[in-house]
$ cat data.cif   # mmCIF, C-alpha atoms
data_input
#
loop_
_atom_site.group_PDB
_atom_site.id
_atom_site.type_symbol
_atom_site.label_atom_id
_atom_site.label_comp_id
_atom_site.auth_asym_id
_atom_site.auth_seq_id
_atom_site.Cartn_x
_atom_site.Cartn_y
_atom_site.Cartn_z
ATOM 1 C CA MET A 1008 -21.963 -8.475 -11.983
ATOM 2 C CA GLY A 1009 -21.483 -8.589 -8.252
ATOM 3 C CA PHE A 1010 -18.068 -8.250 -6.645
ATOM 4 C CA PHE A 1011 -16.391 -6.577 -9.609
ATOM 5 C CA SER A 1012 -17.435 -3.724 -11.812
ATOM 6 C CA LYS A 1013 -19.764 -4.595 -14.685
ATOM 7 C CA ASP A 1014 -17.198 -2.995 -17.003
ATOM 8 C CA ILE A 1015 -14.712 -5.826 -16.468
ATOM 9 C CA LYS A 1016 -14.970 -8.217 -19.380
ATOM 10 C CA THR A 1017 -11.339 -9.065 -20.190
ATOM 11 C CA MET A 1018 -8.063 -9.662 -18.379
ATOM 12 C CA ASP A 1019 -6.962 -6.249 -19.616
ATOM 13 C CA ASP A 1020 -10.063 -4.672 -18.040
ATOM 14 C CA LEU A 1021 -9.272 -6.491 -14.798
ATOM 15 C CA PHE A 1022 -5.659 -5.296 -14.900
ATOM 16 C CA VAL A 1023 -6.700 -1.656 -15.397
ATOM 17 C CA HIS A 1024 -9.388 -1.909 -12.701
ATOM 18 C CA THR A 1025 -6.849 -3.269 -10.227
ATOM 19 C CA LEU A 1026 -4.338 -0.559 -11.190
ATOM 20 C CA ARG A 1027 -7.038 1.987 -10.380
ATOM 21 C CA ASP A 1028 -7.772 0.209 -7.101
ATOM 22 C CA VAL A 1029 -4.139 0.320 -5.988
ATOM 23 C CA TYR A 1030 -3.828 3.913 -7.233
ATOM 24 C CA TYR A 1031 -6.695 4.808 -4.899
ATOM 25 C CA ALA A 1032 -5.065 2.824 -2.092
ATOM 26 C CA GLU A 1033 -1.659 4.493 -2.487
ATOM 27 C CA ASN A 1034 -3.260 7.951 -2.440
ATOM 28 C CA LYS A 1035 -5.287 7.009 0.643
ATOM 29 C CA ILE A 1036 -2.097 5.802 2.325
ATOM 30 C CA LEU A 1037 -0.395 9.112 1.482
ATOM 31 C CA LYS A 1038 -3.150 10.857 3.436
ATOM 32 C CA ALA A 1039 -3.004 8.433 6.393
ATOM 33 C CA LEU A 1040 0.765 8.292 6.933
ATOM 34 C CA PRO A 1041 1.209 11.825 8.369
ATOM 35 C CA SER A 1042 -1.166 10.946 11.210
ATOM 36 C CA MET A 1043 0.723 7.717 11.877
ATOM 37 C CA ILE A 1044 3.998 9.667 11.904
ATOM 38 C CA ASP A 1045 2.535 12.105 14.437
ATOM 39 C CA LYS A 1046 1.245 9.315 16.701
ATOM 40 C CA ALA A 1047 4.384 7.152 16.642
ATOM 41 C CA THR A 1048 6.646 7.683 19.647
ATOM 42 C CA ASP A 1049 9.418 5.209 18.841
ATOM 43 C CA PRO A 1050 12.079 7.060 16.814
ATOM 44 C CA GLN A 1051 12.804 4.088 14.527
ATOM 45 C CA LEU A 1052 9.096 3.566 13.812
ATOM 46 C CA LYS A 1053 8.576 7.287 13.176
ATOM 47 C CA THR A 1054 11.556 7.387 10.804
ATOM 48 C CA GLY A 1055 10.305 4.267 9.036
ATOM 49 C CA PHE A 1056 6.917 5.908 8.485
ATOM 50 C CA GLN A 1057 8.581 9.099 7.221
ATOM 51 C CA ASN A 1058 10.698 7.110 4.770
ATOM 52 C CA HIS A 1059 7.666 5.148 3.623
ATOM 53 C CA LEU A 1060 5.766 8.362 3.001
ATOM 54 C CA LYS A 1061 8.487 9.376 0.524
ATOM 55 C CA GLU A 1062 8.444 5.889 -1.016
ATOM 56 C CA THR A 1063 4.664 6.019 -1.357
ATOM 57 C CA GLU A 1064 4.952 9.255 -3.320
ATOM 58 C CA GLY A 1065 7.227 7.299 -5.662
ATOM 59 C CA HIS A 1066 4.702 4.455 -5.834
ATOM 60 C CA VAL A 1067 2.047 6.874 -7.057
ATOM 61 C CA LYS A 1068 4.428 8.213 -9.721
ATOM 62 C CA ARG A 1069 5.210 4.667 -10.858
ATOM 63 C CA LEU A 1070 1.518 3.865 -11.115
ATOM 64 C CA LEU A 1071 1.086 6.927 -13.316
ATOM 65 C CA GLU A 1072 3.935 5.589 -15.444
ATOM 66 C CA VAL A 1073 2.202 2.202 -15.746
ATOM 67 C CA PHE A 1074 -1.088 3.854 -16.724
ATOM 68 C CA GLU A 1075 0.779 5.753 -19.435
ATOM 69 C CA LEU A 1076 2.706 2.698 -20.651
ATOM 70 C CA HIS A 1077 -0.517 0.729 -20.825
ATOM 71 C CA GLY A 1078 -2.478 3.515 -22.517
ATOM 72 C CA ALA A 1079 -5.087 3.674 -19.766
ATOM 73 C CA GLU A 1080 -6.544 6.735 -18.104
ATOM 74 C CA ALA A 1081 -5.043 7.315 -14.660
ATOM 75 C CA LYS A 1082 -7.980 7.428 -12.296
ATOM 76 C CA SER A 1083 -9.058 5.795 -9.069
ATOM 77 C CA VAL A 1084 -11.753 3.339 -8.166
ATOM 78 C CA THR A 1085 -12.755 3.143 -4.537
ATOM 79 C CA CYS A 1086 -10.937 0.422 -2.666
ATOM 80 C CA PRO A 1087 -13.121 -0.766 0.226
ATOM 81 C CA ALA A 1088 -10.305 -3.001 1.491
ATOM 82 C CA ILE A 1089 -7.821 -0.184 2.114
ATOM 83 C CA ASN A 1090 -10.607 1.998 3.503
ATOM 84 C CA GLY A 1091 -11.370 -0.715 6.048
ATOM 85 C CA ILE A 1092 -7.732 -1.315 6.964
ATOM 86 C CA ILE A 1093 -7.095 2.393 7.499
ATOM 87 C CA GLU A 1094 -10.368 2.905 9.367
ATOM 88 C CA GLU A 1095 -9.495 0.050 11.712
ATOM 89 C CA ALA A 1096 -6.011 1.484 12.285
ATOM 90 C CA GLU A 1097 -7.473 4.897 13.122
ATOM 91 C CA GLU A 1098 -9.982 3.369 15.549
ATOM 92 C CA ILE A 1099 -7.396 1.258 17.338
ATOM 93 C CA SER A 1100 -4.800 4.011 17.560
ATOM 94 C CA GLY A 1101 -7.427 6.386 18.897
ATOM 95 C CA ASP A 1102 -8.266 3.976 21.720
ATOM 96 C CA VAL A 1103 -4.727 3.281 22.974
ATOM 97 C CA ALA A 1104 -3.412 5.498 25.763
ATOM 98 C CA ASP A 1105 -0.191 3.578 26.512
ATOM 99 C CA LYS A 1106 2.496 4.862 24.092
ATOM 100 C CA GLU A 1107 4.324 1.503 24.000
ATOM 101 C CA VAL A 1108 1.127 -0.328 23.073
ATOM 102 C CA LEU A 1109 0.253 2.417 20.588
ATOM 103 C CA ASP A 1110 3.563 1.945 18.746
ATOM 104 C CA ALA A 1111 2.947 -1.815 18.530
ATOM 105 C CA ALA A 1112 -0.573 -1.154 17.235
ATOM 106 C CA LEU A 1113 0.692 1.326 14.640
ATOM 107 C CA ALA A 1114 3.313 -1.130 13.406
ATOM 108 C CA ALA A 1115 0.680 -3.860 13.104
ATOM 109 C CA ALA A 1116 -1.663 -1.531 11.237
ATOM 110 C CA ALA A 1117 1.131 -0.546 8.864
ATOM 111 C CA GLN A 1118 1.858 -4.218 8.219
ATOM 112 C CA ALA A 1119 -1.788 -4.825 7.345
ATOM 113 C CA VAL A 1120 -1.458 -2.074 4.742
ATOM 114 C CA GLU A 1121 1.817 -3.529 3.432
ATOM 115 C CA HIS A 1122 0.333 -7.008 3.136
ATOM 116 C CA TYR A 1123 -2.592 -5.659 1.130
ATOM 117 C CA GLU A 1124 -0.234 -3.795 -1.178
ATOM 118 C CA ILE A 1125 2.008 -6.837 -1.584
ATOM 119 C CA THR A 1126 -0.954 -8.938 -2.738
ATOM 120 C CA ARG A 1127 -2.100 -6.272 -5.193
ATOM 121 C CA TYR A 1128 1.303 -5.634 -6.722
ATOM 122 C CA GLY A 1129 2.065 -9.350 -6.971
ATOM 123 C CA THR A 1130 -1.198 -9.900 -8.822
ATOM 124 C CA LEU A 1131 -0.651 -6.919 -11.115
ATOM 125 C CA ILE A 1132 2.830 -8.164 -12.017
ATOM 126 C CA ALA A 1133 1.487 -11.628 -12.867
ATOM 127 C CA TRP A 1134 -1.304 -10.145 -14.976
ATOM 128 C CA ALA A 1135 1.028 -7.679 -16.720
ATOM 129 C CA ASN A 1136 3.285 -10.565 -17.713
ATOM 130 C CA GLN A 1137 0.299 -12.611 -18.884
ATOM 131 C CA LEU A 1138 -0.828 -9.678 -21.015
ATOM 132 C CA GLY A 1139 2.634 -9.398 -22.558
ATOM 133 C CA ARG A 1140 3.371 -6.180 -20.696
ATOM 134 C CA ALA A 1141 6.811 -6.908 -19.242
ATOM 135 C CA ASP A 1142 7.429 -3.142 -19.324
ATOM 136 C CA CYS A 1143 4.582 -2.586 -16.861
ATOM 137 C CA ALA A 1144 5.640 -5.591 -14.778
ATOM 138 C CA ARG A 1145 9.175 -4.188 -14.365
ATOM 139 C CA VAL A 1146 7.854 -0.869 -13.041
ATOM 140 C CA LEU A 1147 5.430 -2.603 -10.676
ATOM 141 C CA GLN A 1148 8.177 -4.961 -9.462
ATOM 142 C CA ARG A 1149 10.192 -2.025 -8.120
ATOM 143 C CA THR A 1150 7.265 -1.028 -5.940
ATOM 144 C CA LEU A 1151 6.610 -4.605 -4.821
ATOM 145 C CA ASP A 1152 10.247 -4.888 -3.739
ATOM 146 C CA GLU A 1153 9.912 -1.696 -1.661
ATOM 147 C CA GLU A 1154 6.662 -2.919 -0.073
ATOM 148 C CA LYS A 1155 8.301 -6.201 0.927
ATOM 149 C CA LYS A 1156 11.282 -4.342 2.357
ATOM 150 C CA ALA A 1157 8.989 -2.058 4.394
ATOM 151 C CA ASP A 1158 7.099 -5.085 5.721
ATOM 152 C CA ALA A 1159 10.342 -6.823 6.723
ATOM 153 C CA LEU A 1160 11.546 -3.692 8.507
ATOM 154 C CA LEU A 1161 8.254 -3.380 10.389
ATOM 155 C CA SER A 1162 8.497 -7.037 11.451
ATOM 156 C CA LYS A 1163 12.068 -6.585 12.635
ATOM 157 C CA VAL A 1164 11.302 -3.446 14.672
ATOM 158 C CA ALA A 1165 8.083 -4.867 16.101
ATOM 159 C CA MET A 1166 9.621 -8.166 17.181
ATOM 160 C CA ALA A 1167 12.899 -6.681 18.428
ATOM 161 C CA LYS A 1168 11.418 -3.952 20.571
ATOM 162 C CA LEU A 1169 7.907 -2.605 20.002
ATOM 163 C CA ASN A 1170 6.045 -5.775 20.952
ATOM 164 C CA VAL A 1171 8.461 -6.455 23.823
ATOM 165 C CA ARG A 1172 7.917 -2.981 25.255
ATOM 166 C CA ALA A 1173 4.156 -3.190 24.788
ATOM 167 C CA ALA A 1174 4.000 -6.504 26.645
ATOM 168 C CA SER A 1175 5.951 -5.278 29.675
#

$ encode --input "data.cif" --output "structure tokens"
Amino acid sequence: MGFFSKDIKTMDDLFVHTLRDVYYAENKILKALPSMIDKATDPQLKTGFQNHLKETEGHVKRLLEVFELHGAEAKSVTCPAINGIIEEAEEISGDVADKEVLDAALAAAAQAVEHYEITRYGTLIAWANQLGRADCARVLQRTLDEEKKADALLSKVAMAKLNVRAAS
């Protein structure tokens, strides 16, 4: 069937597939964040990553809650998008010797992850509502709100100091 799995025939199938996609992504992010924490030199960026690691653990728990609410098996499907975003972040951060530039690169990479998550959670919320699953939408909305907050914080820190330092 091409881009999507051949098992997707209904909106419900699409919803569950995308839940599994974001479940994979959140678990992949859990594995990537410790390295980003280690590489970050700016204290505010490092603290932001540490806080987001704890939030991401909560995101995984909420996804498990949504799987249960929806009566779907909690399992992952490979998410090539998050694999690519994380791979690119690892490549770029491995090539940067200047610590100021590295922090700016890490913040940008983290924002790419946040933007991906924001699109996924926004879509899942819309689909949950369409499927009459306001209960699932409410749980997902809490995570979307945290993702948007993390993105805004990254923008603020990057524009206020990381990018300025990297450019000088």

$ residues_around --input "data.cif" --residues "Tyr1031 (chain A)" --least-positions-apart "5" --cutoff "7 Å" --atoms "all atoms listed in the file" --output "list in words"
Ser1083, Val1084, Thr1085 and Cys1086 of chain A

$ closest_residue --input "data.cif" --among "A:His1122, A:Lys1106, A:Lys1061, A:Arg1127" --to "Leu1147 (chain A)" --atoms "all atoms listed in the file"
A:Arg1127

$ resolve_selection --input "data.cif" --expression "the PyMOL selection byres ((chain A and resi 1072) around 12)" --output "CSV table (one decimal) with C-alpha atoms, keeping the file's coordinate frame"
chain,number,residue,atom,x,y,z
A,1026,LEU,CA,-4.3,-0.6,-11.2
A,1030,TYR,CA,-3.8,3.9,-7.2
A,1065,GLY,CA,7.2,7.3,-5.7
A,1066,HIS,CA,4.7,4.5,-5.8
A,1067,VAL,CA,2.0,6.9,-7.1
A,1068,LYS,CA,4.4,8.2,-9.7
A,1069,ARG,CA,5.2,4.7,-10.9
A,1070,LEU,CA,1.5,3.9,-11.1
A,1071,LEU,CA,1.1,6.9,-13.3
A,1073,VAL,CA,2.2,2.2,-15.7
A,1074,PHE,CA,-1.1,3.9,-16.7
A,1075,GLU,CA,0.8,5.8,-19.4
A,1076,LEU,CA,2.7,2.7,-20.7
A,1077,HIS,CA,-0.5,0.7,-20.8
A,1078,GLY,CA,-2.5,3.5,-22.5
A,1079,ALA,CA,-5.1,3.7,-19.8
A,1080,GLU,CA,-6.5,6.7,-18.1
A,1081,ALA,CA,-5.0,7.3,-14.7
A,1142,ASP,CA,7.4,-3.1,-19.3
A,1143,CYS,CA,4.6,-2.6,-16.9
A,1144,ALA,CA,5.6,-5.6,-14.8
A,1145,ARG,CA,9.2,-4.2,-14.4
A,1146,VAL,CA,7.9,-0.9,-13.0
A,1147,LEU,CA,5.4,-2.6,-10.7

$ closest_residue --input "data.cif" --among "A:Ala1115, A:Leu1037, A:Ile1015, A:Leu1131" --to "Met1166 (chain A)" --atoms "all atoms listed in the file"
A:Ala1115

$ axis_aligned_box --input "data.cif" --around "region 1070-1089 of chain A" --padding-each-side "3 Å" --output "AutoDock Vina command-line options"
--center_x -4.6 --center_y 2.2 --center_z -10.2 --size_x 23.1 --size_y 16.4 --size_z 30.6
